[in-house]
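Heads up, protein_16.tsv below (TSV, C-alpha atoms and all ligand atoms):
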chain	number	residue	atom	x	y	z
A	1	MET	CA	-25.88	-56.84	-53.22
A	2	ILE	CA	-24.79	-57.55	-49.65
A	3	TYR	CA	-27.69	-58.35	-47.33
A	4	LEU	CA	-26.94	-57.50	-43.69
A	5	ASP	CA	-30.47	-57.24	-42.35
A	6	ASN	CA	-31.10	-60.84	-41.27
A	7	ALA	CA	-32.56	-59.70	-37.94
A	8	ALA	CA	-35.41	-58.16	-39.98
A	9	SER	CA	-35.92	-61.21	-42.19
A	10	THR	CA	-33.96	-63.97	-43.88
A	11	ALA	CA	-33.87	-65.75	-47.24
A	12	VAL	CA	-35.93	-68.93	-47.24
A	13	HIS	CA	-33.48	-71.84	-47.35
A	14	PRO	CA	-33.62	-73.74	-50.70
A	15	GLU	CA	-34.29	-77.04	-48.87
A	16	VAL	CA	-37.22	-75.34	-47.10
A	17	VAL	CA	-38.70	-74.15	-50.40
A	18	LYS	CA	-38.35	-77.69	-51.84
A	19	GLU	CA	-40.11	-79.19	-48.83
A	20	MET	CA	-42.99	-76.69	-49.03
A	21	LEU	CA	-43.79	-76.87	-52.75
A	22	PRO	CA	-45.86	-80.11	-52.86
A	23	TYR	CA	-48.22	-78.70	-50.22
A	24	PHE	CA	-49.43	-76.05	-52.66
A	25	ASP	CA	-50.44	-78.19	-55.63
A	26	VAL	CA	-50.10	-81.91	-54.83
A	27	GLN	CA	-50.73	-82.44	-51.11
A	28	TYR	CA	-53.34	-79.72	-50.82
A	29	GLY	CA	-55.80	-81.53	-48.57
A	30	ASN	CA	-57.38	-80.02	-45.49
A	31	PRO	CA	-55.71	-81.55	-42.41
A	32	SER	CA	-59.15	-81.99	-40.83
A	33	SER	CA	-60.39	-84.21	-43.69
A	34	ILE	CA	-60.60	-87.97	-43.18
A	35	HIS	CA	-59.41	-89.01	-46.67
A	36	GLN	CA	-55.79	-89.57	-47.73
A	37	PHE	CA	-55.24	-85.97	-48.80
A	38	GLY	CA	-56.32	-84.82	-45.36
A	39	ARG	CA	-54.33	-87.44	-43.50
A	40	LYS	CA	-51.15	-86.58	-45.42
A	41	ALA	CA	-51.54	-82.91	-44.55
A	42	LYS	CA	-52.19	-83.77	-40.92
A	43	ASN	CA	-49.11	-86.01	-40.76
A	44	ALA	CA	-47.01	-83.25	-42.30
A	45	ILE	CA	-48.12	-80.88	-39.53
A	46	GLN	CA	-47.29	-83.43	-36.87
A	47	LYS	CA	-43.83	-83.94	-38.38
A	48	ALA	CA	-43.24	-80.17	-38.37
A	49	ARG	CA	-44.43	-79.96	-34.75
A	50	LYS	CA	-41.74	-82.47	-33.80
A	51	GLN	CA	-39.08	-80.55	-35.75
A	52	VAL	CA	-39.98	-77.27	-34.02
A	53	ALA	CA	-40.12	-78.94	-30.59
A	54	ALA	CA	-36.71	-80.60	-31.14
A	55	LEU	CA	-35.01	-77.24	-31.76
A	56	ILE	CA	-35.90	-76.02	-28.25
A	57	ASP	CA	-36.08	-79.40	-26.47
A	58	ALA	CA	-39.83	-79.17	-25.95
A	59	GLU	CA	-42.47	-81.89	-26.39
A	60	PRO	CA	-44.39	-81.76	-29.70
A	61	ASP	CA	-47.71	-81.21	-27.91
A	62	GLU	CA	-46.26	-78.11	-26.25
A	63	ILE	CA	-46.01	-76.37	-29.65
A	64	LEU	CA	-48.85	-74.13	-30.84
A	65	PHE	CA	-48.52	-72.90	-34.43
A	66	THR	CA	-49.27	-69.19	-34.88
A	67	SER	CA	-48.78	-66.61	-37.63
A	68	GLY	CA	-45.43	-65.54	-36.16
A	69	GLY	CA	-43.71	-63.81	-33.27
A	70	THR	CA	-46.31	-61.05	-32.97
A	71	GLU	CA	-49.21	-63.47	-32.63
A	72	SER	CA	-47.27	-65.71	-30.24
A	73	ASN	CA	-46.58	-62.75	-27.95
A	74	ASN	CA	-50.20	-61.55	-28.12
A	75	THR	CA	-51.48	-65.09	-27.51
A	76	ILE	CA	-49.64	-65.46	-24.22
A	77	LEU	CA	-50.42	-61.93	-22.98
A	78	TYR	CA	-54.15	-62.14	-23.74
A	79	GLY	CA	-54.32	-65.85	-22.96
A	80	ILE	CA	-53.09	-65.33	-19.40
A	81	THR	CA	-54.85	-62.06	-18.57
A	82	LYS	CA	-58.18	-63.19	-20.01
A	83	LEU	CA	-58.05	-66.11	-17.59
A	84	GLN	CA	-58.59	-63.52	-14.88
A	85	GLY	CA	-61.40	-61.90	-16.90
A	86	LEU	CA	-59.11	-59.01	-17.90
A	87	HIS	CA	-60.05	-57.51	-14.58
A	88	PRO	CA	-57.73	-54.61	-13.76
A	89	ASP	CA	-57.49	-55.44	-10.06
A	90	GLN	CA	-56.57	-59.04	-10.76
A	91	ASN	CA	-53.82	-58.56	-13.29
A	92	HIS	CA	-50.30	-57.26	-12.99
A	93	ILE	CA	-47.69	-58.01	-15.64
A	94	ILE	CA	-43.94	-57.52	-15.36
A	95	THR	CA	-42.02	-56.89	-18.56
A	96	SER	CA	-39.00	-54.83	-19.62
A	97	SER	CA	-38.69	-51.39	-21.16
A	98	ILE	CA	-36.80	-52.81	-24.19
A	99	GLU	CA	-39.32	-55.38	-25.45
A	100	HIS	CA	-40.46	-55.60	-29.06
A	101	GLU	CA	-43.65	-53.66	-29.91
A	102	ALA	CA	-45.47	-57.01	-30.10
A	103	ILE	CA	-45.24	-57.04	-26.29
A	104	LEU	CA	-45.32	-53.29	-25.61
A	105	GLN	CA	-48.44	-52.48	-27.66
A	106	PRO	CA	-50.70	-55.11	-26.04
A	107	CYS	CA	-49.35	-53.96	-22.64
A	108	LYS	CA	-50.23	-50.35	-23.50
A	109	LYS	CA	-53.76	-51.50	-24.36
A	110	PHE	CA	-54.02	-53.33	-21.05
A	111	GLU	CA	-52.91	-50.18	-19.23
A	112	ASN	CA	-55.74	-48.25	-20.90
A	113	ILE	CA	-58.22	-50.51	-19.13
A	114	GLY	CA	-56.43	-50.18	-15.82
A	115	ILE	CA	-54.26	-53.30	-15.73
A	116	LYS	CA	-50.95	-52.58	-14.01
A	117	ILE	CA	-47.77	-53.13	-16.03
A	118	THR	CA	-44.27	-52.84	-14.61
A	119	TYR	CA	-41.66	-51.96	-17.24
A	120	LEU	CA	-38.29	-52.89	-15.76
A	121	PRO	CA	-35.29	-50.69	-16.51
A	122	VAL	CA	-32.09	-52.02	-18.08
A	123	ASP	CA	-28.41	-51.14	-17.57
A	124	GLU	CA	-26.20	-49.48	-20.19
A	125	HIS	CA	-25.74	-52.85	-21.96
A	126	GLY	CA	-29.49	-53.50	-22.05
A	127	ILE	CA	-29.61	-56.09	-19.26
A	128	VAL	CA	-32.49	-56.48	-16.80
A	129	ASN	CA	-31.52	-56.89	-13.13
A	130	PRO	CA	-33.23	-60.08	-11.85
A	131	ASP	CA	-33.54	-58.48	-8.37
A	132	ASP	CA	-35.89	-55.93	-9.93
A	133	ILE	CA	-38.20	-58.81	-10.85
A	134	THR	CA	-38.24	-60.14	-7.28
A	135	ASN	CA	-38.95	-56.62	-6.01
A	136	SER	CA	-41.78	-56.00	-8.50
A	137	ILE	CA	-43.76	-59.19	-7.87
A	138	ASN	CA	-47.00	-58.66	-5.96
A	139	PRO	CA	-50.01	-60.90	-5.19
A	140	HIS	CA	-51.69	-59.80	-8.47
A	141	THR	CA	-48.75	-60.63	-10.75
A	142	VAL	CA	-50.03	-63.05	-13.40
A	143	LEU	CA	-47.14	-63.06	-15.88
A	144	VAL	CA	-43.50	-62.10	-16.31
A	145	SER	CA	-42.45	-61.57	-19.93
A	146	ILE	CA	-38.81	-60.74	-20.64
A	147	MET	CA	-37.29	-61.11	-24.10
A	148	PHE	CA	-34.43	-63.57	-24.67
A	149	ALA	CA	-32.31	-61.49	-27.07
A	150	ASN	CA	-32.99	-57.91	-28.01
A	151	ASN	CA	-33.82	-57.26	-31.66
A	152	GLU	CA	-31.96	-53.95	-31.83
A	153	VAL	CA	-28.74	-54.37	-29.85
A	154	GLY	CA	-28.60	-58.18	-29.52
A	155	THR	CA	-28.19	-58.34	-25.73
A	156	ILE	CA	-29.12	-61.65	-24.08
A	157	GLN	CA	-31.01	-61.57	-20.77
A	158	PRO	CA	-30.31	-63.81	-17.73
A	159	ILE	CA	-33.24	-66.05	-18.68
A	160	LYS	CA	-32.47	-68.95	-16.33
A	161	GLU	CA	-32.12	-66.68	-13.29
A	162	ILE	CA	-35.38	-64.91	-14.12
A	163	SER	CA	-37.09	-68.24	-14.65
A	164	GLU	CA	-35.95	-69.47	-11.21
A	165	ILE	CA	-37.36	-66.38	-9.53
A	166	CYS	CA	-40.70	-66.86	-11.30
A	167	LYS	CA	-40.78	-70.52	-10.29
A	168	LYS	CA	-40.17	-69.57	-6.66
A	169	TYR	CA	-43.19	-67.25	-6.71
A	170	GLN	CA	-45.22	-69.59	-8.99
A	171	ILE	CA	-45.70	-66.99	-11.69
A	172	PRO	CA	-45.68	-68.05	-15.37
A	173	PHE	CA	-42.62	-66.81	-17.26
A	174	HIS	CA	-42.74	-66.06	-20.98
A	175	THR	CA	-39.78	-65.12	-23.14
A	176	ASP	CA	-39.86	-63.65	-26.65
A	177	ALA	CA	-37.07	-65.70	-28.21
A	178	VAL	CA	-37.69	-64.59	-31.81
A	179	GLN	CA	-34.14	-63.22	-32.19
A	180	ALA	CA	-32.43	-65.87	-30.07
A	181	VAL	CA	-33.66	-69.07	-31.73
A	182	GLY	CA	-30.99	-70.47	-34.05
A	183	LYS	CA	-28.36	-68.08	-32.62
A	184	VAL	CA	-27.89	-69.70	-29.18
A	185	PRO	CA	-28.71	-73.18	-27.84
A	186	ILE	CA	-32.16	-73.15	-26.25
A	187	ASN	CA	-33.44	-75.91	-24.01
A	188	VAL	CA	-36.80	-74.98	-22.50
A	189	LYS	CA	-36.56	-77.76	-19.91
A	190	GLU	CA	-33.18	-76.60	-18.63
A	191	LEU	CA	-34.22	-72.96	-18.71
A	192	GLY	CA	-37.50	-73.75	-17.00
A	193	VAL	CA	-39.52	-71.23	-19.03
A	194	ASP	CA	-43.31	-71.61	-19.24
A	195	ALA	CA	-43.82	-70.04	-22.64
A	196	LEU	CA	-41.55	-69.00	-25.51
A	197	SER	CA	-42.20	-67.24	-28.83
A	198	ILE	CA	-40.55	-68.23	-32.13
A	199	SER	CA	-40.80	-66.78	-35.62
A	200	SER	CA	-40.03	-68.75	-38.79
A	201	HIS	CA	-38.85	-65.93	-41.04
A	202	LYS	CA	-35.91	-65.10	-38.76
A	203	ILE	CA	-34.45	-68.59	-39.24
A	204	ASN	CA	-34.65	-69.03	-43.02
A	205	GLY	CA	-38.25	-70.21	-43.01
A	206	PRO	CA	-41.27	-68.59	-44.67
A	207	LYS	CA	-42.96	-65.45	-43.31
A	208	GLY	CA	-46.34	-65.46	-41.55
A	209	ILE	CA	-45.72	-68.57	-39.47
A	210	GLY	CA	-44.31	-69.13	-36.00
A	211	ALA	CA	-44.98	-70.91	-32.77
A	212	LEU	CA	-45.67	-70.44	-29.11
A	213	PHE	CA	-44.19	-73.04	-26.81
A	214	ILE	CA	-46.55	-73.51	-23.85
A	215	LYS	CA	-45.29	-75.82	-21.13
A	216	LYS	CA	-47.62	-78.69	-20.24
A	217	GLY	CA	-49.80	-77.62	-17.33
A	218	VAL	CA	-49.75	-73.90	-18.14
A	219	ILE	CA	-53.33	-72.95	-18.95
A	220	ILE	CA	-54.17	-70.08	-21.29
A	221	THR	CA	-57.43	-68.98	-22.90
A	222	PRO	CA	-57.61	-69.49	-26.69
A	223	GLN	CA	-57.91	-66.26	-28.67
A	224	ILE	CA	-59.26	-67.53	-32.01
A	225	LEU	CA	-62.38	-69.66	-31.79
A	226	GLY	CA	-63.95	-71.79	-34.51
A	227	GLY	CA	-63.35	-75.30	-35.79
A	228	GLY	CA	-61.08	-76.29	-32.90
A	229	GLN	CA	-57.81	-76.78	-34.81
A	230	GLU	CA	-54.52	-76.79	-32.87
A	231	ASN	CA	-56.18	-78.66	-30.02
A	232	GLY	CA	-58.78	-75.92	-29.70
A	233	MET	CA	-56.08	-73.30	-29.04
A	234	ARG	CA	-56.16	-71.62	-32.47
A	235	SER	CA	-59.01	-72.33	-34.81
A	236	GLY	CA	-58.77	-71.95	-38.57
A	237	THR	CA	-57.54	-74.28	-41.32
A	238	GLU	CA	-53.82	-74.69	-40.85
A	239	ASN	CA	-51.26	-73.02	-43.13
A	240	VAL	CA	-49.88	-76.42	-44.07
A	241	ALA	CA	-47.16	-75.40	-46.56
A	242	SER	CA	-45.79	-72.75	-44.21
A	243	ILE	CA	-45.92	-75.08	-41.22
A	244	VAL	CA	-43.98	-77.68	-43.24
A	245	GLY	CA	-41.42	-75.03	-44.26
A	246	PHE	CA	-41.08	-73.77	-40.69
A	247	GLY	CA	-40.51	-77.32	-39.47
A	248	LYS	CA	-37.76	-77.88	-42.05
A	249	ALA	CA	-36.16	-74.51	-41.15
A	250	CYS	CA	-36.07	-75.63	-37.49
A	251	GLU	CA	-34.51	-78.96	-38.45
A	252	ILE	CA	-31.77	-77.17	-40.41
A	253	ALA	CA	-31.27	-74.61	-37.61
A	254	LYS	CA	-30.77	-77.46	-35.12
A	255	GLU	CA	-28.35	-79.37	-37.38
A	256	ARG	CA	-26.26	-76.29	-38.12
A	257	LEU	CA	-26.52	-74.48	-34.79
A	258	ASN	CA	-22.87	-74.84	-33.72
A	259	GLU	CA	-21.61	-74.17	-37.23
A	260	ASN	CA	-23.77	-71.05	-37.50
A	261	ILE	CA	-22.77	-69.76	-34.05
A	262	SER	CA	-19.07	-70.01	-34.85
A	263	HIS	CA	-19.65	-68.48	-38.31
A	264	PHE	CA	-21.46	-65.50	-36.74
A	265	GLN	CA	-18.70	-65.07	-34.16
A	266	THR	CA	-16.06	-65.01	-36.90
A	267	LEU	CA	-17.96	-62.43	-38.96
A	268	HIS	CA	-18.72	-60.35	-35.84
A	269	SER	CA	-15.15	-60.17	-34.56
A	270	SER	CA	-13.73	-59.55	-38.02
A	271	MET	CA	-16.15	-56.70	-38.70
A	272	LEU	CA	-15.73	-55.13	-35.28
A	273	SER	CA	-11.94	-55.18	-35.31
A	274	LYS	CA	-11.80	-53.76	-38.84
A	275	ILE	CA	-14.28	-50.99	-38.08
A	276	VAL	CA	-12.57	-49.96	-34.84
A	277	LYS	CA	-9.24	-49.86	-36.72
A	278	GLU	CA	-10.52	-47.95	-39.75
A	279	ILE	CA	-13.14	-45.57	-38.34
A	280	SER	CA	-12.88	-43.20	-35.37
A	281	HIS	CA	-15.62	-42.26	-32.84
A	282	VAL	CA	-17.46	-45.56	-33.12
A	283	LYS	CA	-18.81	-47.77	-30.35
A	284	LEU	CA	-20.35	-51.24	-30.15
A	285	ASN	CA	-23.74	-51.17	-28.41
A	286	GLY	CA	-25.29	-53.93	-26.34
A	287	HIS	CA	-23.28	-56.34	-24.19
A	288	PRO	CA	-19.89	-57.28	-25.67
A	289	GLY	CA	-20.18	-60.96	-24.63
A	290	LYS	CA	-23.78	-61.65	-23.58
A	291	ARG	CA	-25.17	-61.20	-27.05
A	292	ILE	CA	-26.25	-62.92	-30.21
A	293	PHE	CA	-23.25	-62.65	-32.53
A	294	ASN	CA	-25.20	-62.33	-35.76
A	295	ASN	CA	-26.03	-58.80	-34.56
A	296	ILE	CA	-23.56	-55.93	-34.67
A	297	HIS	CA	-25.04	-52.63	-33.48
A	298	LEU	CA	-22.84	-49.56	-33.61
A	299	THR	CA	-22.99	-45.84	-32.97
A	300	PHE	CA	-21.05	-43.63	-35.38
A	301	LEU	CA	-20.89	-40.22	-33.74
A	302	GLY	CA	-21.68	-37.22	-35.94
A	303	VAL	CA	-23.79	-39.08	-38.54
A	304	GLN	CA	-27.46	-39.92	-38.87
A	305	GLY	CA	-28.18	-43.66	-38.97
A	306	GLU	CA	-30.84	-43.14	-41.67
A	307	ASP	CA	-28.36	-41.28	-43.92
A	308	LEU	CA	-25.91	-44.09	-43.43
A	309	ILE	CA	-28.49	-46.68	-44.46
A	310	ILE	CA	-29.37	-44.73	-47.61
A	311	LYS	CA	-25.68	-44.35	-48.53
A	312	LEU	CA	-25.02	-48.05	-47.88
A	313	ASP	CA	-28.05	-48.94	-49.99
A	314	GLU	CA	-26.63	-46.87	-52.88
A	315	HIS	CA	-23.60	-49.16	-52.66
A	316	GLY	CA	-25.79	-52.29	-52.65
A	317	ILE	CA	-25.57	-52.97	-48.90
A	318	ALA	CA	-28.77	-53.58	-46.90
A	319	ALA	CA	-28.59	-52.61	-43.19
A	320	SER	CA	-30.95	-51.09	-40.64
A	321	THR	CA	-31.12	-48.68	-37.71
A	322	GLY	CA	-32.59	-51.36	-35.48
A	323	SER	CA	-36.24	-52.14	-35.50
A	324	ALA	CA	-38.53	-51.98	-38.49
A	325	CYS	CA	-41.23	-50.45	-36.27
A	326	SER	CA	-39.23	-47.41	-35.30
A	327	VAL	CA	-38.71	-46.70	-39.00
A	328	HIS	CA	-42.51	-46.60	-39.48
A	329	THR	CA	-43.17	-44.37	-36.49
A	330	GLN	CA	-39.99	-42.28	-36.89
A	331	LYS	CA	-39.67	-42.47	-33.10
A	332	ALA	CA	-36.28	-42.51	-31.40
A	333	SER	CA	-35.46	-46.07	-30.34
A	334	HIS	CA	-37.05	-46.89	-26.97
A	335	VAL	CA	-34.35	-49.52	-26.48
A	336	LEU	CA	-31.42	-47.11	-26.77
A	337	LYS	CA	-33.29	-44.55	-24.64
A	338	ALA	CA	-33.77	-47.15	-21.91
A	339	MET	CA	-30.03	-47.91	-22.10
A	340	GLY	CA	-29.35	-44.25	-21.31
A	341	PHE	CA	-28.19	-43.10	-24.76
A	342	ASN	CA	-28.46	-39.40	-25.61
A	343	HIS	CA	-30.12	-38.11	-28.79
A	344	GLU	CA	-26.86	-37.97	-30.76
A	345	GLN	CA	-25.90	-41.52	-29.81
A	346	ILE	CA	-29.36	-42.79	-30.73
A	347	THR	CA	-29.53	-41.13	-34.14
A	348	GLY	CA	-26.01	-42.25	-35.08
A	349	SER	CA	-26.71	-45.94	-34.78
A	350	LEU	CA	-26.64	-48.72	-37.30
A	351	ARG	CA	-27.53	-52.41	-37.03
A	352	MET	CA	-25.98	-55.00	-39.30
A	353	SER	CA	-27.18	-58.57	-38.89
A	354	PHE	CA	-25.61	-61.64	-40.45
A	355	GLY	CA	-27.14	-64.75	-41.94
A	356	TYR	CA	-25.52	-68.09	-42.72
A	357	MET	CA	-24.83	-66.96	-46.29
A	358	ASN	CA	-22.73	-63.90	-45.42
A	359	THR	CA	-18.98	-64.15	-45.97
A	360	LEU	CA	-15.76	-62.59	-44.67
A	361	ASN	CA	-15.31	-61.06	-48.09
A	362	GLU	CA	-18.65	-59.27	-47.71
A	363	VAL	CA	-17.54	-58.02	-44.29
A	364	GLU	CA	-14.38	-56.55	-45.85
A	365	GLN	CA	-16.33	-54.89	-48.67
A	366	THR	CA	-18.83	-53.46	-46.20
A	367	VAL	CA	-16.11	-51.95	-43.99
A	368	GLU	CA	-14.52	-50.30	-47.04
A	369	VAL	CA	-17.85	-48.75	-48.03
A	370	LEU	CA	-18.59	-47.74	-44.42
A	371	LYS	CA	-15.22	-46.01	-44.16
A	372	LYS	CA	-16.02	-43.98	-47.27
A	373	VAL	CA	-19.64	-43.07	-46.49
A	374	VAL	CA	-19.05	-42.25	-42.80
A	375	SER	CA	-16.25	-39.92	-43.86
A	376	GLU	CA	-18.49	-38.26	-46.50
A	377	LEU	CA	-21.28	-37.76	-43.98
A	378	ARG	CA	-18.94	-36.47	-41.29
A	379	ASN	CA	-17.55	-33.89	-43.71
A	380	ILE	CA	-20.97	-32.25	-43.88
A	381	SER	CA	-21.90	-32.99	-40.26
A	382	PRO	CA	-22.77	-30.17	-37.83
A	383	TYR	CA	-20.55	-32.07	-35.36
A	384	LYS	CA	-17.48	-31.79	-37.64
A	385	THR	CA	-15.69	-29.23	-35.49
A	386	LYS	CA	-16.88	-30.70	-32.16
A	387	TYR	CA	-15.11	-34.00	-32.89
A	388	ASN	CA	-12.44	-32.62	-35.19
A	389	PHE	CA	-13.35	-35.16	-37.92
B	1	LIG	C1	-37.92	-59.74	-30.70
B	1	LIG	C2	-39.03	-59.83	-31.71
B	1	LIG	N1	-40.26	-60.19	-31.30
B	1	LIG	C3	-41.28	-60.30	-32.16
B	1	LIG	C4	-41.12	-60.03	-33.51
B	1	LIG	C5	-42.28	-60.18	-34.43
B	1	LIG	O1	-42.18	-61.37	-35.16
B	1	LIG	P1	-43.05	-61.59	-36.50
B	1	LIG	O2	-42.42	-60.70	-37.55
B	1	LIG	O3	-42.89	-63.03	-36.81
B	1	LIG	O4	-44.43	-61.21	-36.17
B	1	LIG	C6	-39.86	-59.63	-33.97
B	1	LIG	C7	-39.68	-59.28	-35.39
B	1	LIG	O5	-38.90	-58.41	-35.73
B	1	LIG	C8	-38.79	-59.54	-33.05
B	1	LIG	O6	-37.57	-59.17	-33.45

Please re-express this file's structure in structure tokens.
Amino acid sequence: MIYLDNAASTAVHPEVVKEMLPYFDVQYGNPSSIHQFGRKAKNAIQKARKQVAALIDAEPDEILFTSGGTESNNTILYGITKLQGLHPDQNHIITSSIEHEAILQPCKKFENIGIKITYLPVDEHGIVNPDDITNSINPHTVLVSIMFANNEVGTIQPIKEISEICKKYQIPFHTDAVQAVGKVPINVKELGVDALSISSHKINGPKGIGALFIKKGVIITPQILGGGQENGMRSGTENVASIVGFGKACEIAKERLNENISHFQTLHSSMLSKIVKEISHVKLNGHPGKRIFNNIHLTFLGVQGEDLIIKLDEHGIAASTGSACSVHTQKASHVLKAMGFNHEQITGSLRMSFGYMNTLNEVEQTVEVLKKVVSELRNISPYKTKYNF
């Protein structure tokens, strides 16, 4: 099996598993308890908070543990708008048209109650124009939320520039960095962002755990009330084992960041050059340079991305069309639409995403299989004569 769907989820690193295990059956205390079991669990959470903070150069008390990227995104959107009483006239949010559904769905719900949302367009590479942010800000703007790296095509946004604009107008700036963390260096102080979402299972940690960085001084309303855990920001007994695993995954991601980046670049350029050489009518999507290099998103004209995935799967290769959500809803990708792709370009796309375990040998094997299956599919394609396949 060759697993090339690391943007969807990753294998939990063996060192992470080892670190988590005692918190199931030995150190199982409740972190709120006063006795030793409780104190050990509490200390383990504090250690993990430091490990997560260190990966993005935040302070430990700026890290709020959540159940993952989806909850982090919802927490900031609801946390900021609820401050204004969710009043339609007092809330305007600026976001982009290529966000993950974990931003778009809450925004759609806000729109239903009359809150104004501006969805900024992107260029053909999937990049937001920072001038559009300046032009969209009005006296009711309470939040700007623009993703760091896109989950389908891998394009990186001009986060620092956007952050400077928001600072100038004193509007909180959130970025969904779920796909960017561990793939590019991130320093929240240098970037000047106010809030940032992270998910553990994209960086070889367990699923169902993540974090929201909230800069000191940025006030949001808590969404889950109860026993006052997480400094009153998210009640409920903490998922200690997962928090510990997430912390360890962040520590490893920090240690191996440069090594991983250069590994991804090697795999990316090797795969791209081989594909372009071996297969005709294929195009790399997203920005060629401003991207996360563990993501390679391609359009193969004349084939259906879904057919390609099924054929690859028959050969033991796991890939994707882009986002897991669009597979559920069978909707054409909103990201590719926003980038100006036509129906044929959208349906012919394939995303392969690397993890630290992938090898050049796997890249070679995958290109051989791709060559074969693309040719098979093009032989029965209605576009066969159009492109003279
Ligand atoms: C950009 C982006 N944001 C948010 C999420 C949701 O993260 P989680 O699966 O941790 O809820 C994902 C997951 O695919 C993502 O790619």

(Q) How would you report the residues lying within 6 Å of ligand LIG 1 (chain B), as a PyMOL selection string, if you count only C-alpha atoms and all ligand atoms? (A) chain A and resi 8+68-70+100+102+150-151+176+178-179+199

Take the residues that were just selected and, keeping C-alpha atoms, output them as a CSV table (one decimal), in the frame of the given file.
chain,number,residue,atom,x,y,z
A,8,ALA,CA,-35.4,-58.2,-40.0
A,68,GLY,CA,-45.4,-65.5,-36.2
A,69,GLY,CA,-43.7,-63.8,-33.3
A,70,THR,CA,-46.3,-61.0,-33.0
A,100,HIS,CA,-40.5,-55.6,-29.1
A,102,ALA,CA,-45.5,-57.0,-30.1
A,150,ASN,CA,-33.0,-57.9,-28.0
A,151,ASN,CA,-33.8,-57.3,-31.7
A,176,ASP,CA,-39.9,-63.6,-26.6
A,178,VAL,CA,-37.7,-64.6,-31.8
A,179,GLN,CA,-34.1,-63.2,-32.2
A,199,SER,CA,-40.8,-66.8,-35.6

Q: Grab the CA of Val153 (chain A) to CA of Ala180 (chain A) distance for me, in Å with one decimal place.
A: 12.1 Å

Q: Could you give me, as a PyMOL selection string, the residues within 9 Å of Arg291 (chain A), counting only C-alpha atoms and dropping anything in the same chain fewer than 5 positions from it?
A: chain A and resi 149-150+153-157+286

Q: Dump as a PyMOL selection string all residues having an atom at most 9 Å from (-9.8, -47.6, -43.6), computed in the file's coordinates with all atoms listed in the file.
A: chain A and resi 274-275+277-279+367-368+370-372

Q.
For a quick check of understanding, using all atoms listed in the file, which of A:Ser280, A:Ser270, A:Thr237, A:Thr134 has the smallest distance to Thr366 (chain A)?
A. A:Ser270

Q.
Using all atoms listed in the file, can you tell me which of A:Tyr3, A:Asn74, A:Gly217, A:Ser197 comes closest to Leu104 (chain A)?
A.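 Of A:Tyr3, A:Asn74, A:Gly217, A:Ser197, the one nearest Leu104 (chain A) is A:Asn74, counting all atoms listed in the file.
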
**Q.** Top pick for closest residue to Gly236 (chain A), considering A:Phe65, A:Phe37, A:Tyr387, A:Tyr23 and counting all atoms listed in the file
**A.**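 Looking at the shortest contact to Gly236 (chain A), the residue is A:Phe65.
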
**Q.** Selection: 6 Å around region 192-195 of chain A, all atoms listed in the file, excl. self and same-chain fewer than 4 positions, as a list in words
**A.** Ser163, Pro172, Phe173, His174, Val188, Phe213, Ile214 and Lys215 of chain A

Q. Contacts of Pro288 (chain A) at 12 Å or less, counting only C-alpha atoms, minus same-chain residues fewer than 2 places along, as a PyMOL selection string?
A. chain A and resi 124-127+153-156+265+268-269+272+283-286+290-293+295-298

Q: Using all atoms listed in the file, pick whichever of A:Lys331, A:Ile165, A:Glu306, A:Gly322 has the shortest atom-to-atom distance to Val374 (chain A).
A: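 Among the listed residues, the smallest separation from Val374 (chain A) belongs to A:Glu306.
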
Q.
Just checking: using all atoms listed in the file, which residue out of A:Pro121, A:Gly232, A:Gly79, A:Gly210 ends up closest to Met339 (chain A)?
A. A:Pro121

Q.
Just want the 8 Å neighbourhood of region 140-143 of chain A, counted on all atoms listed in the file, with same-chain residues fewer than 4 positions away dropped. Output as an MDAnalysis selection string.
A. chainID A and resid 77 80:81 89:94 171:174

Q | Residues within 6 Å of Ser353 (chain A), all atoms listed in the file, excluding chain neighbours under 2 positions, as a VMD selection string | A | chain A and resid 4 to 7 294 to 295

Q: Could you please determine the separation between CA of Ile159 (chain A) and CA of Leu120 (chain A) in Å, to one decimal place?
A: 14.4 Å

Q | For CA of Ser262 (chain A) and CA of Glu362 (chain A), the interatomic separation in Å (one decimal) | A |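 Straight-line distance from CA of Ser262 (chain A) to CA of Glu362 (chain A) works out to 16.8 Å.
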
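Considering the residues A:Leu64, A:Ile309, A:Val122, A:Met271 and counting all atoms listed in the file, Lys337 (chain A) has its shortest atom-to-atom contact with A:Val122.
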
Q: Using all atoms listed in the file, find all polymer residues with an atom at most 10 Å away from the point (-23.8, -63.7, -46.9); report them as a PyMOL selection string.
A: chain A and resi 1-4+6+267+354-363
